[in-house]
$ cat query.cif   # mmCIF, C-alpha atoms and all ligand atoms
data_target
loop_
_atom_site.label_atom_id
_atom_site.label_comp_id
_atom_site.auth_asym_id
_atom_site.auth_seq_id
_atom_site.Cartn_x
_atom_site.Cartn_y
_atom_site.Cartn_z
CA MET J 1 -23.16 -3.96 16.29
CA THR J 2 -21.98 -2.22 13.10
CA LEU J 3 -21.09 -4.59 10.25
CA ILE J 4 -19.45 -3.42 7.03
CA LEU J 5 -18.63 -5.41 3.91
CA ALA J 6 -15.77 -4.02 1.80
CA ILE J 7 -14.60 -4.76 -1.73
CA GLU J 8 -11.13 -4.03 -3.14
CA SER J 9 -10.33 -4.50 -6.84
CA SER J 10 -8.07 -1.57 -7.75
CA CYS J 11 -5.22 -3.59 -9.27
CA ASP J 12 -4.70 -7.35 -9.44
CA GLU J 13 -6.30 -8.61 -6.23
CA THR J 14 -10.01 -9.32 -5.97
CA ALA J 15 -10.78 -9.04 -2.27
CA VAL J 16 -13.75 -8.90 0.09
CA ALA J 17 -13.71 -8.44 3.87
CA ILE J 18 -16.33 -8.01 6.57
CA ILE J 19 -15.53 -6.07 9.73
CA ASN J 20 -17.40 -5.25 12.92
CA GLU J 21 -17.19 -2.07 15.00
CA ASN J 22 -14.50 -3.59 17.24
CA HIS J 23 -12.24 -3.83 14.20
CA GLU J 24 -12.64 -7.60 14.22
CA LEU J 25 -12.59 -9.27 10.83
CA LEU J 26 -15.42 -11.75 10.33
CA ALA J 27 -14.17 -12.51 6.84
CA ASN J 28 -11.09 -11.67 4.80
CA VAL J 29 -10.76 -13.22 1.34
CA VAL J 30 -8.08 -12.24 -1.19
CA SER J 31 -7.89 -13.79 -4.63
CA SER J 32 -4.61 -12.83 -6.31
CA GLN J 33 -4.13 -12.80 -10.08
CA ILE J 34 -0.38 -12.60 -9.73
CA ASP J 35 0.39 -15.97 -11.32
CA THR J 36 -1.27 -14.83 -14.55
CA HIS J 37 0.35 -11.37 -14.68
CA ARG J 38 3.77 -12.81 -13.86
CA LEU J 39 3.77 -14.44 -17.31
CA TYR J 40 3.80 -10.93 -18.82
CA GLY J 41 6.28 -9.35 -16.40
CA GLY J 42 3.69 -6.98 -14.89
CA VAL J 43 -0.02 -6.30 -14.51
CA VAL J 44 -1.92 -6.32 -17.83
CA PRO J 45 -4.95 -4.06 -17.23
CA GLU J 46 -7.28 -5.77 -19.71
CA ILE J 47 -6.60 -9.21 -18.24
CA ALA J 48 -6.97 -7.82 -14.71
CA SER J 49 -10.49 -6.49 -15.45
CA ARG J 50 -11.61 -9.78 -16.97
CA LEU J 51 -10.28 -11.81 -14.04
CA HIS J 52 -12.02 -9.48 -11.57
CA VAL J 53 -15.31 -10.16 -13.39
CA GLU J 54 -14.69 -13.91 -13.09
CA ASN J 55 -13.62 -13.77 -9.45
CA ILE J 56 -15.80 -11.19 -7.74
CA GLY J 57 -18.89 -13.40 -7.29
CA VAL J 58 -16.88 -16.30 -5.90
CA VAL J 59 -14.89 -14.11 -3.51
CA LEU J 60 -18.09 -12.42 -2.28
CA GLU J 61 -19.73 -15.78 -1.63
CA GLN J 62 -16.66 -17.04 0.24
CA ALA J 63 -16.59 -13.95 2.46
CA ILE J 64 -20.29 -14.21 3.33
CA GLU J 65 -19.83 -17.91 4.05
CA GLN J 66 -16.80 -17.18 6.30
CA ALA J 67 -18.67 -14.53 8.27
CA LYS J 68 -21.78 -16.73 8.57
CA LEU J 69 -24.15 -13.84 8.14
CA ASP J 70 -26.98 -12.70 5.98
CA LEU J 71 -26.43 -9.70 3.72
CA HIS J 72 -29.47 -8.07 5.35
CA ASP J 73 -27.43 -7.87 8.60
CA LEU J 74 -24.90 -5.46 7.08
CA ASP J 75 -24.91 -1.74 7.87
CA ALA J 76 -22.95 -0.52 4.85
CA ILE J 77 -21.17 -1.61 1.69
CA ALA J 78 -17.72 -0.14 1.13
CA VAL J 79 -15.58 -0.19 -1.99
CA THR J 80 -12.28 1.18 -3.27
CA LYS J 81 -13.25 4.10 -5.53
CA GLY J 82 -9.65 4.83 -6.67
CA PRO J 83 -6.89 5.34 -7.50
CA GLY J 84 -6.13 2.29 -9.61
CA LEU J 85 -6.80 0.69 -12.97
CA VAL J 86 -10.09 1.96 -14.35
CA GLY J 87 -11.37 -1.41 -15.58
CA SER J 88 -10.42 -3.14 -12.34
CA LEU J 89 -11.97 -0.47 -10.12
CA HIS J 90 -15.14 -0.56 -12.20
CA VAL J 91 -15.82 -4.24 -11.42
CA GLY J 92 -15.62 -3.76 -7.65
CA LEU J 93 -17.66 -0.58 -7.82
CA GLN J 94 -20.47 -2.15 -9.83
CA ALA J 95 -20.63 -5.10 -7.42
CA ALA J 96 -20.77 -2.74 -4.42
CA LYS J 97 -23.42 -0.50 -5.96
CA THR J 98 -25.54 -3.52 -6.87
CA LEU J 99 -25.41 -4.82 -3.29
CA ALA J 100 -26.11 -1.35 -1.87
CA LEU J 101 -29.12 -0.94 -4.14
CA ALA J 102 -30.52 -4.45 -3.74
CA TYR J 103 -30.15 -4.54 0.05
CA ARG J 104 -30.80 -0.81 0.60
CA LYS J 105 -27.51 -0.20 2.39
CA PRO J 106 -25.45 3.00 2.44
CA LEU J 107 -22.43 3.03 0.13
CA ILE J 108 -18.95 4.14 1.25
CA GLY J 109 -16.34 4.97 -1.42
CA VAL J 110 -12.87 4.54 0.06
CA HIS J 111 -9.58 5.95 -1.23
CA HIS J 112 -7.14 3.05 -1.70
CA ILE J 113 -4.35 4.86 0.16
CA ALA J 114 -6.65 5.70 3.09
CA GLY J 115 -7.17 1.94 3.21
CA HIS J 116 -3.43 1.25 3.36
CA ILE J 117 -3.04 3.76 6.19
CA TYR J 118 -6.02 2.41 8.16
CA ALA J 119 -4.70 -1.18 7.83
CA ASN J 120 -2.90 -0.07 10.96
CA ASN J 121 -6.19 0.10 12.88
CA LEU J 122 -6.70 -3.63 12.39
CA VAL J 123 -3.88 -4.30 14.85
CA ASP J 124 -3.24 -1.02 16.67
CA ARG J 125 -5.03 2.32 17.08
CA MET J 126 -4.20 5.50 15.21
CA GLU J 127 -3.07 8.36 17.43
CA TYR J 128 -3.19 11.94 16.15
CA PRO J 129 -1.37 13.95 15.01
CA CYS J 130 0.18 11.22 12.95
CA MET J 131 2.63 10.92 10.04
CA ALA J 132 2.06 8.16 7.49
CA LEU J 133 4.75 7.00 5.10
CA VAL J 134 2.86 5.42 2.21
CA VAL J 135 5.04 3.14 0.10
CA SER J 136 3.43 0.97 -2.56
CA GLY J 137 3.62 0.02 -6.22
CA GLY J 138 1.99 3.30 -7.26
CA HIS J 139 2.67 5.68 -4.35
CA THR J 140 5.44 7.19 -2.27
CA GLU J 141 3.97 9.82 0.00
CA LEU J 142 4.36 11.43 3.38
CA VAL J 143 0.90 12.15 4.73
CA TYR J 144 0.21 14.30 7.79
CA MET J 145 -3.02 13.59 9.67
CA ASP J 146 -4.20 15.85 12.49
CA ARG J 147 -7.50 13.98 12.90
CA PRO J 148 -9.25 10.86 11.57
CA MET J 149 -9.67 10.66 7.78
CA HIS J 150 -8.04 14.06 7.27
CA PHE J 151 -5.04 13.81 4.96
CA GLU J 152 -2.44 16.39 4.06
CA VAL J 153 0.11 15.13 1.54
CA ILE J 154 3.30 16.96 2.51
CA GLY J 155 5.61 15.05 0.18
CA THR J 156 5.37 12.83 -2.85
CA THR J 157 7.52 11.35 -5.61
CA TYR J 158 8.48 13.44 -8.64
CA ASP J 159 8.71 10.32 -10.79
CA ASP J 160 8.68 6.60 -9.91
CA ALA J 161 7.06 5.10 -6.84
CA ILE J 162 9.38 3.13 -4.57
CA GLY J 163 7.55 -0.15 -5.35
CA GLU J 164 8.12 0.47 -9.05
CA ALA J 165 11.82 0.99 -8.38
CA PHE J 166 11.96 -2.33 -6.46
CA ASP J 167 10.18 -4.10 -9.31
CA LYS J 168 12.52 -2.56 -11.90
CA VAL J 169 15.67 -3.55 -10.01
CA ALA J 170 14.26 -7.06 -9.72
CA ARG J 171 13.71 -7.16 -13.46
CA VAL J 172 17.33 -6.12 -14.06
CA ALA J 173 18.33 -8.94 -11.73
CA GLY J 174 16.23 -11.36 -13.82
CA LEU J 175 13.65 -11.95 -11.08
CA PRO J 176 9.93 -12.45 -11.76
CA TYR J 177 7.25 -9.80 -11.11
CA PRO J 178 6.55 -8.48 -8.50
CA GLY J 179 10.19 -8.28 -7.53
CA GLY J 180 9.94 -6.45 -4.20
CA PRO J 181 9.77 -9.56 -2.00
CA ALA J 182 12.60 -11.24 -3.96
CA ILE J 183 14.89 -8.18 -3.63
CA ASP J 184 14.06 -8.17 0.09
CA ARG J 185 15.24 -11.79 0.43
CA LEU J 186 18.38 -11.30 -1.72
CA ALA J 187 19.44 -8.15 0.15
CA GLN J 188 19.49 -10.07 3.43
CA LYS J 189 22.43 -12.09 2.06
CA GLY J 190 24.27 -9.21 0.36
CA GLU J 191 26.80 -6.49 1.12
CA HIS J 192 26.82 -2.82 0.15
CA ARG J 193 29.42 -3.16 -2.58
CA TYR J 194 28.02 -1.06 -5.45
CA ASP J 195 28.19 2.69 -5.40
CA LEU J 196 24.72 3.99 -6.31
CA PRO J 197 23.57 7.63 -6.19
CA ARG J 198 21.59 8.57 -3.11
CA PRO J 199 18.16 9.68 -4.38
CA LEU J 200 17.02 13.29 -3.80
CA HIS J 201 18.29 13.97 -0.33
CA ASP J 202 17.24 17.60 0.04
CA LYS J 203 15.29 19.48 2.70
CA THR J 204 11.87 18.86 1.12
CA TYR J 205 9.70 15.87 1.93
CA ASN J 206 9.61 14.83 -1.73
CA PHE J 207 11.18 11.79 -3.33
CA SER J 208 12.69 10.81 -6.68
CA PHE J 209 13.70 7.28 -7.62
CA SER J 210 14.13 7.38 -11.40
CA GLY J 211 17.82 8.40 -11.19
CA LEU J 212 18.53 5.48 -8.88
CA LYS J 213 16.61 3.15 -11.17
CA SER J 214 18.64 4.30 -14.20
CA ALA J 215 21.89 3.94 -12.24
CA VAL J 216 21.00 0.30 -11.48
CA ILE J 217 20.21 -0.36 -15.16
CA ASN J 218 23.50 1.26 -16.26
CA LEU J 219 25.48 -0.63 -13.63
CA ALA J 220 24.03 -3.94 -14.82
CA HIS J 221 24.71 -3.07 -18.46
CA ASN J 222 28.30 -1.91 -17.90
CA THR J 223 29.17 -4.84 -15.63
CA ARG J 224 27.92 -7.32 -18.24
CA GLN J 225 29.76 -5.48 -21.03
CA ARG J 226 33.01 -5.81 -19.10
CA GLY J 227 32.30 -9.54 -18.89
CA GLU J 228 32.03 -9.33 -15.10
CA THR J 229 29.34 -10.92 -12.97
CA LEU J 230 26.83 -8.77 -11.18
CA VAL J 231 26.38 -10.10 -7.65
CA MET J 232 22.61 -9.88 -7.27
CA GLU J 233 22.64 -10.10 -3.47
CA ASP J 234 25.04 -7.14 -3.31
CA LEU J 235 23.06 -5.18 -5.89
CA ALA J 236 19.88 -5.69 -3.84
CA ARG J 237 21.66 -4.67 -0.60
CA SER J 238 23.22 -1.57 -2.22
CA PHE J 239 19.87 -0.53 -3.73
CA GLU J 240 17.96 -1.00 -0.47
CA ASP J 241 20.56 0.94 1.52
CA VAL J 242 20.15 4.10 -0.54
CA ALA J 243 16.43 3.82 -1.34
CA ILE J 244 15.32 2.98 2.17
CA GLY J 245 17.82 5.34 3.75
CA VAL J 246 16.10 8.32 2.17
CA LEU J 247 12.59 7.07 3.08
CA VAL J 248 13.56 6.70 6.72
CA ASP J 249 15.46 10.00 6.98
CA LYS J 250 12.64 12.05 5.46
CA THR J 251 9.96 10.33 7.54
CA ILE J 252 11.85 11.04 10.76
CA GLN J 253 12.51 14.65 9.75
CA ALA J 254 8.86 15.27 8.84
CA SER J 255 7.64 13.62 12.04
CA LEU J 256 9.89 15.84 14.17
CA ASP J 257 8.95 18.98 12.21
CA TYR J 258 5.22 18.25 12.56
CA LYS J 259 5.56 17.08 16.20
CA VAL J 260 3.50 13.94 15.69
CA LYS J 261 2.61 11.32 18.28
CA GLN J 262 2.68 8.39 15.90
CA ILE J 263 4.41 7.25 12.69
CA VAL J 264 2.58 4.73 10.51
CA VAL J 265 4.23 2.91 7.61
CA ALA J 266 1.70 1.72 5.03
CA GLY J 267 1.47 0.01 1.62
CA GLY J 268 3.00 -3.04 -0.05
CA VAL J 269 6.62 -1.94 0.47
CA ALA J 270 5.93 -1.69 4.24
CA ALA J 271 6.38 -5.49 4.08
CA ASN J 272 10.09 -4.92 3.39
CA SER J 273 12.16 -6.31 6.25
CA TYR J 274 14.98 -3.78 5.93
CA LEU J 275 12.55 -0.82 5.92
CA ARG J 276 10.80 -2.19 9.01
CA GLU J 277 14.08 -2.71 10.84
CA SER J 278 15.63 0.63 9.78
CA MET J 279 12.54 2.60 10.76
CA GLN J 280 12.45 0.89 14.15
CA LYS J 281 16.12 1.70 14.81
CA ALA J 282 15.77 5.30 13.61
CA VAL J 283 12.76 5.97 15.85
CA GLU J 284 14.48 4.40 18.86
CA SER J 285 17.61 6.50 18.39
CA THR J 286 16.15 9.84 17.30
CA CYS J 287 12.58 10.15 18.58
CA PRO J 288 11.76 7.37 21.07
CA ASP J 289 8.68 9.28 22.29
CA ILE J 290 6.98 8.85 18.92
CA ARG J 291 5.07 5.57 18.61
CA LEU J 292 5.93 3.58 15.49
CA SER J 293 3.30 1.39 13.95
CA ILE J 294 3.87 -0.91 10.99
CA PRO J 295 1.02 -3.25 10.07
CA PRO J 296 1.84 -6.98 10.00
CA LEU J 297 2.79 -8.49 6.65
CA TRP J 298 -0.66 -9.95 5.93
CA CYS J 299 -2.26 -6.52 5.63
CA CYS J 300 0.58 -4.55 3.95
CA THR J 301 -0.15 -5.62 0.36
CA ASP J 302 -3.58 -5.07 -1.23
CA ASN J 303 -6.55 -6.56 0.63
CA ALA J 304 -10.11 -5.59 1.50
CA ALA J 305 -9.63 -5.70 5.29
CA MET J 306 -7.82 -2.36 5.10
CA ILE J 307 -10.66 -0.89 3.01
CA ALA J 308 -13.14 -2.16 5.60
CA SER J 309 -11.07 -0.59 8.37
CA ALA J 310 -11.06 2.84 6.68
CA ALA J 311 -14.77 2.44 5.91
CA LEU J 312 -15.53 1.84 9.58
CA GLU J 313 -13.96 5.20 10.36
CA MET J 314 -15.94 6.83 7.53
CA TYR J 315 -19.16 5.19 8.72
CA GLN J 316 -18.66 6.76 12.14
CA LEU J 317 -18.01 10.14 10.48
CA LYS J 318 -21.08 9.60 8.23
CA GLN J 319 -18.99 9.97 5.06
CA PHE J 320 -21.30 8.17 2.64
CA SER J 321 -21.45 8.22 -1.17
CA ASP J 322 -24.56 8.05 -3.31
CA LEU J 323 -25.20 5.53 -6.06
CA SER J 324 -23.90 7.92 -8.71
CA LEU J 325 -20.37 7.24 -7.43
CA SER J 326 -18.03 6.44 -10.32
CA CYS J 327 -14.52 5.07 -10.14
CA LYS J 328 -11.71 7.58 -9.87
CA PRO J 329 -8.50 6.15 -11.37
CA MET J 330 -6.42 9.26 -10.50
CA ILE J 331 -8.10 10.69 -7.40
CA ASP J 332 -5.76 12.31 -4.88
CA LEU J 333 -5.94 11.63 -1.18
CA GLU J 334 -6.88 15.14 -0.15
CA GLY J 335 -9.82 15.33 -2.60
O1 LIG D 1 0.28 -1.84 -1.93
P1 LIG D 1 0.56 -2.83 -2.98
O2 LIG D 1 0.16 -4.26 -2.75
O3 LIG D 1 -0.12 -2.39 -4.33
C1 LIG D 1 -0.25 -1.04 -4.69
O4 LIG D 1 -1.16 -0.37 -4.16
O5 LIG D 1 0.63 -0.63 -5.49
O6 LIG D 1 2.13 -2.74 -3.30
C2 LIG D 1 2.74 -3.56 -4.25
C3 LIG D 1 4.23 -3.23 -4.26
C4 LIG D 1 4.97 -3.95 -5.38
O7 LIG D 1 5.79 -3.00 -6.06
C5 LIG D 1 5.82 -4.98 -4.64
O8 LIG D 1 7.03 -5.32 -5.29
C6 LIG D 1 6.08 -4.26 -3.33
O9 LIG D 1 4.85 -3.64 -3.02
N1 LIG D 1 6.47 -5.17 -2.23
C7 LIG D 1 7.67 -5.14 -1.63
C8 LIG D 1 7.68 -6.18 -0.67
N2 LIG D 1 6.45 -6.80 -0.72
C9 LIG D 1 5.72 -6.16 -1.68
N3 LIG D 1 8.74 -4.34 -1.83
C10 LIG D 1 9.83 -4.56 -1.08
N4 LIG D 1 9.92 -5.54 -0.15
C11 LIG D 1 8.87 -6.37 0.09
N5 LIG D 1 8.97 -7.32 1.03
ZN ZN D 2 -2.12 -0.87 -2.66
#
$ encode --input "query.cif" --output "structure tokens" --more "lines below"
Ligand code: KG4
Ligand code: ZN
Amino acid sequence: MTLILAIESSCDETAVAIINENHELLANVVSSQIDTHRLYGGVVPEIASRLHVENIGVVLEQAIEQAKLDLHDLDAIAVTKGPGLVGSLHVGLQAAKTLALAYRKPLIGVHHIAGHIYANNLVDRMEYPCMALVVSGGHTELVYMDRPMHFEVIGTTYDDAIGEAFDKVARVAGLPYPGGPAIDRLAQKGEHRYDLPRPLHDKTYNFSFSGLKSAVINLAHNTRQRGETLVMEDLARSFEDVAIGVLVDKTIQASLDYKVKQIVVAGGVAANSYLRESMQKAVESTCPDIRLSIPPLWCCTDNAAMIASAALEMYQLKQFSDLSLSCKPMIDLEG
């Protein structure tokens, strides 16, 4: 029975998971630093690194305790190698390399976005060819996969990631960081009342959200200057309609063009209820033969279970790293 321990520390979650070859999680521990970063309105890299140093030992111990196993029983140690904050990545990587060296286990360096995509395998099975829409705080990408662990980025954002746009709109609305979940809840009670520009709706698979973000900032400013009240629920609804509309349309178009069997939605913003619902409806009405897979909420935002899931695939493909592995804050998925 293959057993892999995985560590994720690319941003503000210190997480450790242990998985077996049947994709069953024997442990899944996530320690979030969000309450600290919220005080500053966003993630402070220096504080994140320090908290990872404080947390990693405790989280590791909890995971081993949960799984009730001995570290000698493991077959490999996996870790997020990038992209992410350099100081944060470094802590997880050093912990993983230490374990790999001390227990003489192979090391597997996992790309964070591969982890988000393979979160899907914790609850479903990937079918190829497949199209993944990756939507997180740092990424907005359409990724074509013709076989396991083979990624072709066919579209990306020219400027802001969709998660960043959500967080910015939330800030304009006076909501605490990270604002995505709060905008999600507000939008459910709102109406599309504000006229916002539809972001880059061309024939490419690329995205752009900075114009939309600026339009929201200007709208808030002008409304307040006129002494009028900005209805936050309606702002959230109007923003989601245009932002998510373009994500769904381009994903469907790319999936038809590439004749895929499955669409996977991955990353923190995949937790968004309107995106989940819109994607479901769009697939049912335009391409019902394509299977849609959206991971459950618990594995959409950063965790180590998804890293473990990708590592399991890499273990089977014998994609190991040596102990000279260093963290890669900017690494691209195809590299
Ligand atoms: O994948 P993730 O946890 O971290 C990165 O790899 O970036 O994604 C975090 C992002 C944040 O921008 C957060 O606001 C957004 O995901 N997010 C959401 C929702 N839940 C998390 N955005 C919209 N609706 C949600 N329900
Ligand atoms: Zn992430």
$ closest_atom_pairs --input "query.cif" --of "chain J" --to "ligand LIG 1 (chain D)" --cutoff "7 Å" --atoms "all atoms listed in the file" --output "tab-separated table"
residue	atom	partner	partner_atom	distance
J:Ser136	CA	D:LIG1	O6	4.0
J:Gly137	CA	D:LIG1	O5	3.1
J:Gly138	CA	D:LIG1	O5	4.5
J:His139	CA	D:LIG1	O5	6.7
J:Gly163	CA	D:LIG1	O7	3.4
J:Glu164	CA	D:LIG1	O7	5.1
J:Phe166	CA	D:LIG1	O8	5.9
J:Asp167	CA	D:LIG1	O8	5.3
J:Pro178	CA	D:LIG1	O8	4.5
J:Gly179	CA	D:LIG1	O8	4.9
J:Gly180	CA	D:LIG1	O8	3.3
J:Pro181	CA	D:LIG1	N5	3.9
J:Ile183	CA	D:LIG1	N4	6.6
J:Asp184	CA	D:LIG1	N4	4.9
J:Gly267	CA	D:LIG1	O1	4.2
J:Gly268	CA	D:LIG1	O6	3.4
J:Val269	CA	D:LIG1	N3	3.9
J:Ala270	CA	D:LIG1	C8	6.9
J:Ala271	CA	D:LIG1	N5	4.4
J:Asn272	CA	D:LIG1	N5	3.5
J:Ser273	CA	D:LIG1	N5	6.2
J:Cys300	CA	D:LIG1	O1	6.5
J:Thr301	CA	D:LIG1	O2	3.4
J:Asp302	CA	D:LIG1	O2	4.1
$ residues_near_ligand --input "query.cif" --ligand "ligand ZN 2 (chain D)" --cutoff "12 Å" --atoms "all atoms listed in the file" --output "PyMOL selection string"
chain J and resi 8-13+15+80+82-85+111-119+134-140+161+163+266-271+299-307
$ closest_residue --input "query.cif" --among "J:Val169, J:Leu256, J:Val58, J:Val283" --to "Ala95 (chain J)" --atoms "only C-alpha atoms"
J:Val58
$ closest_residue --input "query.cif" --among "J:Val86, J:Ala170, J:Val59, J:Val248" --to "Tyr274 (chain J)" --atoms "all atoms listed in the file"
J:Val248
$ atom_distance --input "query.cif" --atom1 "CA of Asp289 (chain J)" --atom2 "CA of Lys261 (chain J)"
7.6 Å
$ closest_residue --input "query.cif" --among "J:Glu313, J:Asp160, J:Glu284, J:Glu46" --to "Thr2 (chain J)" --atoms "only C-alpha atoms"
J:Glu313
$ atom_distance --input "query.cif" --atom1 "CA of Gln319 (chain J)" --atom2 "CA of Pro295 (chain J)"
24.5 Å
$ closest_residue --input "query.cif" --among "J:Glu228, J:Asp75, J:Asp234, J:Asp202" --to "Lys189 (chain J)" --atoms "all atoms listed in the file"
J:Asp234
$ atom_distance --input "query.cif" --atom1 "CA of Ala67 (chain J)" --atom2 "CA of Glu24 (chain J)"
10.9 Å
$ closest_residue --input "query.cif" --among "J:Met1, J:Ala132, J:Leu51, J:Cys327" --to "Thr251 (chain J)" --atoms "all atoms listed in the file"
J:Ala132
$ residues_around --input "query.cif" --residues "region 211-216 of chain J" --least-positions-apart "5" --cutoff "7 Å" --atoms "only C-alpha atoms" --output "number ranges by chain"
J: 165, 169, 196-197, 199
$ write_last_selection --input "query.cif" --atoms "C-alpha atoms" --output "short mmCIF file (atom, residue, chain, number, x, y, z; two decimals), in the coordinates of the input"
data_model
loop_
_atom_site.label_atom_id
_atom_site.label_comp_id
_atom_site.auth_asym_id
_atom_site.auth_seq_id
_atom_site.Cartn_x
_atom_site.Cartn_y
_atom_site.Cartn_z
CA ALA J 165 11.82 0.99 -8.38
CA VAL J 169 15.67 -3.55 -10.01
CA LEU J 196 24.72 3.99 -6.31
CA PRO J 197 23.57 7.63 -6.19
CA PRO J 199 18.16 9.68 -4.38
#
$ closest_residue --input "query.cif" --among "J:Asp124, J:Glu233, J:Glu65, J:Glu334" --to "Ile294 (chain J)" --atoms "all atoms listed in the file"
J:Asp124
$ residues_near_point --input "query.cif" --point "(0.5, -15.5, -14.6)" --cutoff "12 Å" --atoms "only C-alpha atoms" --output "NGL selection string"
:J and (12 or 32-44 or 47-48 or 51 or 176-178)
$ axis_aligned_box --input "query.cif" --around "region 71-90 of chain J" --padding-each-side "8 Å" --output "lines of an AutoDock Vina configuration file"
center_x = -17.8
center_y = -2.2
center_z = -3.5
size_x = 39.3
size_y = 31.0
size_z = 40.2
